[in-house]
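So this one's final21.csv, CSV, C-alpha atoms:
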chain,number,residue,atom,x,y,z
D,115,MET,CA,37.8,-8.9,-25.3
D,116,ASP,CA,36.1,-9.3,-28.6
D,117,ALA,CA,32.4,-10.1,-29.3
D,118,SER,CA,32.9,-13.7,-30.3
D,119,SER,CA,34.5,-14.7,-27.0
D,120,ARG,CA,31.6,-13.1,-25.1
D,121,ILE,CA,29.2,-15.3,-27.0
D,122,GLU,CA,31.3,-18.4,-26.4
D,123,ALA,CA,31.2,-17.7,-22.7
D,124,ALA,CA,27.5,-17.2,-22.6
D,125,PRO,CA,26.3,-20.9,-22.6
D,126,THR,CA,28.4,-21.7,-19.6
D,127,LYS,CA,27.5,-18.6,-17.6
D,128,SER,CA,26.2,-19.5,-14.2
D,129,ARG,CA,24.0,-17.4,-12.0
D,130,THR,CA,25.2,-15.2,-9.2
D,131,THR,CA,23.2,-15.5,-6.1
D,132,VAL,CA,23.1,-13.1,-3.2
D,133,GLU,CA,21.8,-13.8,0.3
D,134,ARG,CA,21.6,-11.4,3.2
D,135,LYS,CA,22.6,-13.8,6.0
D,136,SER,CA,22.0,-11.3,8.8
D,137,ASP,CA,21.8,-7.5,9.4
D,138,ARG,CA,25.6,-7.3,9.0
D,139,GLU,CA,26.4,-10.1,6.6
D,140,ILE,CA,26.0,-10.7,2.9
D,141,VAL,CA,27.0,-13.8,0.9
D,142,VAL,CA,27.6,-13.9,-2.9
D,143,THR,CA,28.1,-17.2,-4.7
D,144,ARG,CA,29.0,-18.1,-8.3
D,145,THR,CA,30.5,-21.1,-10.0
D,146,PHE,CA,33.3,-20.7,-12.5
D,147,ASN,CA,34.1,-23.2,-15.2
D,148,ALA,CA,37.8,-23.5,-14.4
D,149,PRO,CA,40.0,-25.0,-11.7
D,150,ALA,CA,40.4,-23.1,-8.4
D,151,ARG,CA,44.1,-22.2,-9.1
D,152,LEU,CA,43.1,-20.1,-12.2
D,153,VAL,CA,40.2,-18.3,-10.4
D,154,PHE,CA,42.5,-17.6,-7.5
D,155,GLU,CA,45.1,-16.2,-9.8
D,156,ALA,CA,42.5,-13.8,-11.3
D,157,TRP,CA,41.9,-12.5,-7.7
D,158,THR,CA,45.5,-12.2,-6.7
D,159,ARG,CA,47.4,-10.8,-9.7
D,160,SER,CA,46.7,-7.1,-10.0
D,161,GLU,CA,47.0,-7.1,-13.8
D,162,LEU,CA,44.3,-9.7,-14.0
D,163,PHE,CA,42.2,-8.4,-11.1
D,164,LYS,CA,41.9,-4.9,-12.6
D,165,ARG,CA,40.4,-6.4,-15.8
D,166,TRP,CA,37.3,-7.6,-14.2
D,167,TRP,CA,36.8,-5.7,-10.8
D,168,VAL,CA,35.4,-2.6,-12.6
D,169,PRO,CA,33.2,-3.7,-15.4
D,170,LYS,CA,32.7,-1.4,-18.4
D,171,SER,CA,29.1,-0.8,-17.5
D,172,MET,CA,30.1,0.8,-14.2
D,173,ASP,CA,30.4,4.5,-14.0
D,174,MET,CA,34.0,4.2,-12.8
D,175,THR,CA,37.5,3.6,-14.0
D,176,LEU,CA,40.3,1.9,-12.0
D,177,LEU,CA,43.2,4.4,-12.0
D,178,SER,CA,45.6,2.2,-10.1
D,179,CYS,CA,45.6,-1.2,-8.4
D,180,GLU,CA,48.4,-2.4,-6.0
D,181,MET,CA,48.1,-5.7,-4.3
D,182,ASP,CA,50.6,-7.3,-2.0
D,183,VAL,CA,48.9,-10.6,-1.5
D,184,ARG,CA,50.4,-12.2,1.6
D,185,VAL,CA,49.3,-12.2,5.3
D,186,GLY,CA,49.6,-8.6,6.5
D,187,GLY,CA,50.2,-7.3,3.0
D,188,GLY,CA,48.2,-4.3,1.8
D,189,TYR,CA,46.1,-3.5,-1.2
D,190,ARG,CA,45.1,-0.1,-2.6
D,191,LEU,CA,42.6,0.5,-5.4
D,192,GLU,CA,42.1,4.0,-6.8
D,193,PHE,CA,39.0,4.8,-8.8
D,194,GLY,CA,37.9,7.7,-10.9
D,195,HIS,CA,34.1,8.2,-10.7
D,196,GLY,CA,32.2,9.9,-13.4
D,197,GLY,CA,34.9,12.6,-13.9
D,198,SER,CA,34.4,13.9,-10.3
D,199,GLY,CA,37.8,13.2,-8.8
D,200,SER,CA,39.1,9.9,-7.4
D,201,MET,CA,38.6,7.8,-4.4
D,202,ALA,CA,40.7,5.1,-2.9
D,203,PHE,CA,39.9,1.7,-1.3
D,204,PHE,CA,42.5,0.1,0.8
D,205,GLY,CA,43.1,-2.5,3.5
D,206,LYS,CA,45.2,-5.5,4.2
D,207,TYR,CA,45.1,-9.3,3.8
D,208,LEU,CA,44.4,-11.3,7.0
D,209,GLU,CA,44.6,-14.8,5.4
D,210,VAL,CA,46.0,-16.0,2.2
D,211,THR,CA,45.7,-19.7,1.5
D,212,PRO,CA,46.7,-20.4,-2.2
D,213,HIS,CA,43.8,-21.6,-4.4
D,214,SER,CA,41.3,-21.9,-1.5
D,215,ARG,CA,40.9,-18.9,0.7
D,216,LEU,CA,41.4,-15.1,1.0
D,217,VAL,CA,40.5,-12.8,3.8
D,218,TRP,CA,41.0,-9.0,3.7
D,219,THR,CA,39.9,-5.9,5.6
D,220,ASN,CA,38.6,-2.7,4.1
D,221,GLU,CA,40.0,0.3,6.0
D,222,GLU,CA,39.2,3.5,4.2
D,223,SER,CA,36.4,4.1,6.7
D,224,ASP,CA,35.0,2.7,10.0
D,225,ASP,CA,32.2,1.1,8.0
D,226,GLY,CA,34.5,-1.2,6.0
D,227,ALA,CA,33.8,-4.9,5.8
D,228,VAL,CA,35.9,-7.9,6.4
D,229,THR,CA,35.7,-10.0,3.2
D,230,THR,CA,36.3,-13.7,3.0
D,231,VAL,CA,36.5,-15.5,-0.4
D,232,THR,CA,36.6,-19.2,-0.6
D,233,PHE,CA,37.4,-21.2,-3.8
D,234,ASP,CA,36.0,-24.8,-3.7
D,235,GLU,CA,37.0,-26.9,-6.7
D,236,ARG,CA,34.9,-29.9,-7.8
D,237,ASP,CA,35.1,-31.7,-11.2
D,238,GLY,CA,37.2,-28.9,-12.7
D,239,LYS,CA,34.7,-26.2,-11.7
D,240,THR,CA,35.1,-23.7,-8.9
D,241,ARG,CA,32.4,-22.6,-6.6
D,242,LEU,CA,33.2,-19.2,-5.2
D,243,VAL,CA,31.7,-17.9,-2.0
D,244,LEU,CA,32.2,-14.3,-1.0
D,245,HIS,CA,31.2,-13.4,2.5
D,246,GLU,CA,31.2,-9.8,3.7
D,247,LEU,CA,30.9,-8.9,7.4
D,248,TYR,CA,30.1,-5.2,8.1
D,249,PRO,CA,30.5,-3.5,11.5
D,250,SER,CA,26.8,-2.5,11.5
D,251,LYS,CA,23.5,-2.9,9.7
D,252,GLU,CA,23.7,0.7,8.5
D,253,ALA,CA,27.2,0.1,7.0
D,254,LEU,CA,25.8,-2.8,4.9
D,255,ASP,CA,22.7,-0.8,3.9
D,256,ALA,CA,25.0,2.0,2.7
D,257,ALA,CA,27.3,-0.4,0.8
D,258,GLY,CA,24.3,-1.7,-1.2
D,259,THR,CA,23.3,1.8,-2.1
D,260,GLY,CA,26.9,2.5,-3.1
D,261,ALA,CA,26.8,-0.5,-5.3
D,262,ALA,CA,23.8,1.0,-7.0
D,263,ASP,CA,25.7,4.3,-7.6
D,264,ALA,CA,28.5,2.3,-9.1
D,265,MET,CA,26.1,0.6,-11.5
D,266,GLY,CA,25.2,4.0,-13.0
D,267,GLU,CA,22.1,5.1,-14.8
D,268,THR,CA,20.0,2.0,-14.8
D,269,PHE,CA,19.9,1.8,-11.1
D,270,GLY,CA,19.8,5.5,-10.7
D,271,GLN,CA,16.5,5.3,-12.5
D,272,LEU,CA,15.3,2.5,-10.3
D,273,ASP,CA,16.3,4.5,-7.3
D,274,GLU,CA,14.3,7.5,-8.4
D,275,LEU,CA,11.3,5.2,-8.9
D,276,LEU,CA,11.7,3.8,-5.4
D,277,ALA,CA,12.2,7.2,-3.9
D,278,SER,CA,9.0,8.3,-5.5
D,279,LEU,CA,7.2,5.3,-3.8
D,280,ASP,CA,9.0,6.3,-0.6
D,281,VAL,CA,7.2,9.6,-0.3
D,282,ASN,CA,6.7,10.3,3.4
D,283,VAL,CA,7.6,6.8,4.4
D,284,GLY,CA,10.5,6.9,6.8
D,285,ARG,CA,13.6,5.5,5.1
D,286,SER,CA,14.7,4.3,8.5
D,287,ARG,CA,12.1,1.6,8.2
D,288,LEU,CA,13.8,0.2,5.1
G,1307,MET,CA,13.1,-5.7,-11.4
G,1308,VAL,CA,11.4,-2.6,-13.0
G,1309,GLN,CA,9.0,-4.8,-14.9
G,1310,TYR,CA,8.3,-6.8,-11.8
G,1311,MET,CA,7.2,-3.6,-10.1
G,1312,ARG,CA,5.1,-2.0,-12.8
G,1313,PRO,CA,1.8,-3.6,-12.0
G,1314,HIS,CA,2.0,-2.0,-8.5
G,1315,LEU,CA,2.9,1.4,-9.7
G,1316,ASP,CA,-0.5,2.7,-10.9
G,1317,ALA,CA,-2.1,1.7,-7.6
G,1318,SER,CA,0.8,3.1,-5.7
G,1319,PHE,CA,0.7,6.5,-7.3
G,1320,ALA,CA,-3.0,6.7,-7.0
G,1321,ALA,CA,-2.7,5.8,-3.3
G,1322,LEU,CA,0.0,8.4,-2.8
G,1323,SER,CA,-1.8,11.2,-4.6
G,1324,ASP,CA,-3.8,12.0,-1.4
G,1325,ALA,CA,-2.3,14.1,1.4
G,1326,THR,CA,-4.2,12.2,4.1
G,1327,ARG,CA,-2.9,8.9,2.8
G,1328,ARG,CA,0.6,10.1,2.7
G,1329,GLY,CA,0.2,11.3,6.3
G,1330,VAL,CA,-1.1,7.9,7.3
G,1331,LEU,CA,2.0,6.2,5.7
G,1332,GLU,CA,4.3,8.6,7.6
G,1333,GLN,CA,2.4,7.8,10.8
G,1334,LEU,CA,2.7,4.1,10.3
G,1335,GLY,CA,6.4,4.6,9.4
G,1336,ARG,CA,6.8,5.6,13.1
G,1337,ALA,CA,4.4,3.0,14.7
G,1338,ASP,CA,1.6,0.6,13.9
G,1339,ALA,CA,-1.8,2.1,14.7
G,1340,SER,CA,-5.5,1.1,14.8
G,1341,ILE,CA,-8.0,2.6,12.3
G,1342,SER,CA,-9.6,4.5,15.2
G,1343,ASP,CA,-6.2,5.9,16.3
G,1344,LEU,CA,-5.7,7.1,12.7
G,1345,ALA,CA,-9.2,8.5,12.4
G,1346,GLU,CA,-8.7,10.5,15.5
G,1347,LYS,CA,-5.2,11.8,14.5
G,1348,PHE,CA,-6.5,13.0,11.1
G,1349,HIS,CA,-9.8,14.3,12.5
G,1350,MET,CA,-11.9,12.0,10.3
G,1351,THR,CA,-14.8,9.7,10.7
G,1352,LEU,CA,-14.0,6.0,11.1
G,1353,THR,CA,-15.7,5.3,7.8
G,1354,GLY,CA,-13.6,7.9,6.0
G,1355,MET,CA,-10.4,6.5,7.4
G,1356,LYS,CA,-11.4,2.9,6.5
G,1357,LYS,CA,-11.7,4.0,2.9
G,1358,HIS,CA,-8.2,5.6,2.9
G,1359,VAL,CA,-6.7,2.5,4.5
G,1360,GLY,CA,-8.5,0.3,2.0
G,1361,VAL,CA,-6.8,2.2,-0.9
G,1362,LEU,CA,-3.4,1.9,0.7
G,1363,GLU,CA,-4.0,-1.7,1.4
G,1364,ARG,CA,-4.9,-2.5,-2.2
G,1365,ALA,CA,-1.7,-0.8,-3.3
G,1366,GLY,CA,0.2,-3.0,-1.0
G,1367,LEU,CA,1.5,0.0,1.0
G,1368,VAL,CA,-0.4,-1.0,4.2
G,1369,ALA,CA,-1.3,-4.3,5.8
G,1370,THR,CA,-4.1,-4.7,8.3
G,1371,GLN,CA,-4.9,-7.3,10.8
G,1372,LYS,CA,-8.0,-7.6,13.0
G,1373,VAL,CA,-7.5,-8.8,16.5
G,1374,GLY,CA,-10.7,-8.9,18.5
G,1375,ARG,CA,-12.5,-5.7,17.7
G,1376,VAL,CA,-9.5,-3.7,16.7
G,1377,ARG,CA,-8.0,-3.5,13.2
G,1378,THR,CA,-4.3,-2.7,13.4
G,1379,CYS,CA,-2.5,-1.1,10.4
G,1380,ARG,CA,1.2,-1.3,9.6
G,1381,LEU,CA,3.4,-0.6,6.6
G,1382,GLY,CA,2.8,-3.3,3.9
G,1383,LEU,CA,4.8,-5.5,1.7
G,1384,ARG,CA,6.3,-2.6,-0.2
G,1385,ARG,CA,9.0,-2.6,2.4
G,1386,LEU,CA,9.9,-6.2,1.4
G,1387,GLU,CA,9.9,-5.2,-2.2
G,1388,ARG,CA,12.4,-2.4,-1.5
G,1389,GLU,CA,14.5,-5.0,0.4
G,1390,ALA,CA,14.4,-7.3,-2.7
G,1391,ALA,CA,15.3,-4.3,-4.9
G,1392,TRP,CA,18.3,-3.6,-2.7
G,1393,ILE,CA,19.5,-7.2,-2.9
G,1394,GLU,CA,18.9,-7.2,-6.7
G,1395,ARG,CA,21.2,-4.3,-7.4
G,1396,TYR,CA,23.9,-5.8,-5.2
G,1397,ARG,CA,23.5,-9.0,-7.1
G,1398,GLN,CA,23.7,-7.1,-10.4
G,1399,LEU,CA,27.0,-5.5,-9.4
G,1400,TRP,CA,28.6,-8.9,-8.6
G,1401,ASP,CA,27.0,-10.6,-11.6
G,1402,THR,CA,28.5,-7.9,-13.9
G,1403,ARG,CA,31.9,-8.3,-12.3
G,1404,PHE,CA,31.8,-12.0,-12.4
G,1405,ASP,CA,30.8,-12.0,-16.1
G,1406,GLU,CA,34.1,-10.2,-16.7
G,1407,LEU,CA,35.9,-12.6,-14.4
G,1408,ASP,CA,34.6,-15.5,-16.5
G,1409,LEU,CA,36.3,-14.0,-19.5
G,1410,VAL,CA,39.6,-13.6,-17.7
G,1411,VAL,CA,39.4,-17.1,-16.4
G,1412,GLU,CA,38.5,-18.6,-19.8
G,1413,GLU,CA,41.6,-16.8,-21.2
G,1414,LEU,CA,43.8,-18.3,-18.5
G,1415,LYS,CA,42.4,-21.7,-19.3
G,1416,ARG,CA,43.1,-21.4,-23.0
G,1417,LYS,CA,46.6,-20.1,-22.3
G,1418,GLU,CA,47.3,-23.1,-20.0
G,1419,LYS,CA,46.1,-25.5,-22.7
G,1420,VAL,CA,48.4,-23.9,-25.3
G,1421,ASP,CA,51.4,-23.8,-23.0
G,1422,GLY,CA,50.7,-27.5,-22.1
G,1423,ARG,CA,50.7,-28.5,-25.7
G,1424,LYS,CA,54.0,-26.5,-26.3
G,1425,GLN,CA,55.6,-28.4,-23.4
G,1426,GLN,CA,54.6,-31.7,-24.9
G,1427,ASP,CA,56.0,-30.9,-28.3

If you took the structure in this file and wrote it as structure tokens, what would it be?
Amino acid sequence: MDASSRIEAAPTKSRTTVERKSDREIVVTRTFNAPARLVFEAWTRSELFKRWWVPKSMDMTLLSCEMDVRVGGGYRLEFGHGGSGSMAFFGKYLEVTPHSRLVWTNEESDDGAVTTVTFDERDGKTRLVLHELYPSKEALDAAGTGAADAMGETFGQLDELLASLDVNVGRSRL
Amino acid sequence: MVQYMRPHLDASFAALSDATRRGVLEQLGRADASISDLAEKFHMTLTGMKKHVGVLERAGLVATQKVGRVRTCRLGLRRLEREAAWIERYRQLWDTRFDELDLVVEELKRKEKVDGRKQQD
């Protein structure tokens, strides 16, 4: 994607909000300036999905992406992480309702979430709500820390800063 | 986020530069305690402990509340800040992803428009 299209996209950019609904649940929302069928397409066709799921600023590359988007169908994403081998994320789709709803599991560990994404179209725009339900508070806490790792250096620095404030304060209280 | 935290940092580092105060934080990480509990635990006078708790309180690391004649200390708002920082980096991950998704969706829209025009011709 060239620089000019980035600039074009900027004025319509909407804000991503995140809310921790409970110890085990987190909800992410964002509105896209396009009909639901197109946003849905970008979530369900692997050649489109792999273009946005791992942003360039992440310290990761997507090595492979297989998605069999139908109820009971599986997905498998394989990542390379900072030159230190690869890791895989996989699971299966529990619900697939074209243009409006996707539910999938994450099964590479016992701490995987069930993710529900809904696409709600209004006046040609789509409000996307992503809901993740984790098996425990600890699993969700760890997922957030994992997200920080994925975001690379910037957040690594913030982590160091927070760790320095954390001196002798039990992390279990976090 | 980092900028948001900066005003607190000097006070935090100053507060954490003292071994007793670090010990107090560790203690409060396990359970709330009164100033006299803390004074006893750290073999200090009440006045001395009050001073330490005051420094921690000004740095936002400890909050105190007086009920009757007892002032109870607990870990302060810093905990909430860490919670906010956690949410913020989660948000950043999705925001970065969704910026890229915006570009993909814009491209699909443009393609659809062009295809639509072709079909009309």

Study note, to complete from the structure: Across G:Ala1345, G:Ala1321, G:Ile1393, G:Val1373, the smallest distance to chain D, with only C-alpha atoms counted, is shown by G:Ile1393

Contact residues around Val210 (chain D) with all atoms listed in the file at 9 Å, ignoring same-chain residues under 6 positions, as a PDB file with C-alpha atoms, in the coordinates of the input:
ATOM      1  CA  VAL D 183      48.900 -10.600  -1.500  1.00  0.00           C
ATOM      2  CA  ARG D 184      50.400 -12.200   1.600  1.00  0.00           C
ATOM      3  CA  VAL D 185      49.300 -12.200   5.300  1.00  0.00           C
ATOM      4  CA  LEU D 216      41.400 -15.100   1.000  1.00  0.00           C
ATOM      5  CA  VAL D 217      40.500 -12.800   3.800  1.00  0.00           C
ATOM      6  CA  TRP D 218      41.000  -9.000   3.700  1.00  0.00           C
TER       7      TRP D 218
END

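Our summary of the geometry notes that CA of Tyr248 (chain D) is positioned 5.0 Å from CA of Arg138 (chain D).
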
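Comparing the minimum interatomic distances between chain G and each of D:Ser136, D:Thr219, D:Thr229, D:Asn147, counting all atoms listed in the file, we find that D:Asn147 sits nearest.
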
Point to revise | Separation of CA of Phe193 (chain D) from CA of Met174 (chain D), in Å and rounded to one decimal | key: 6.4 Å
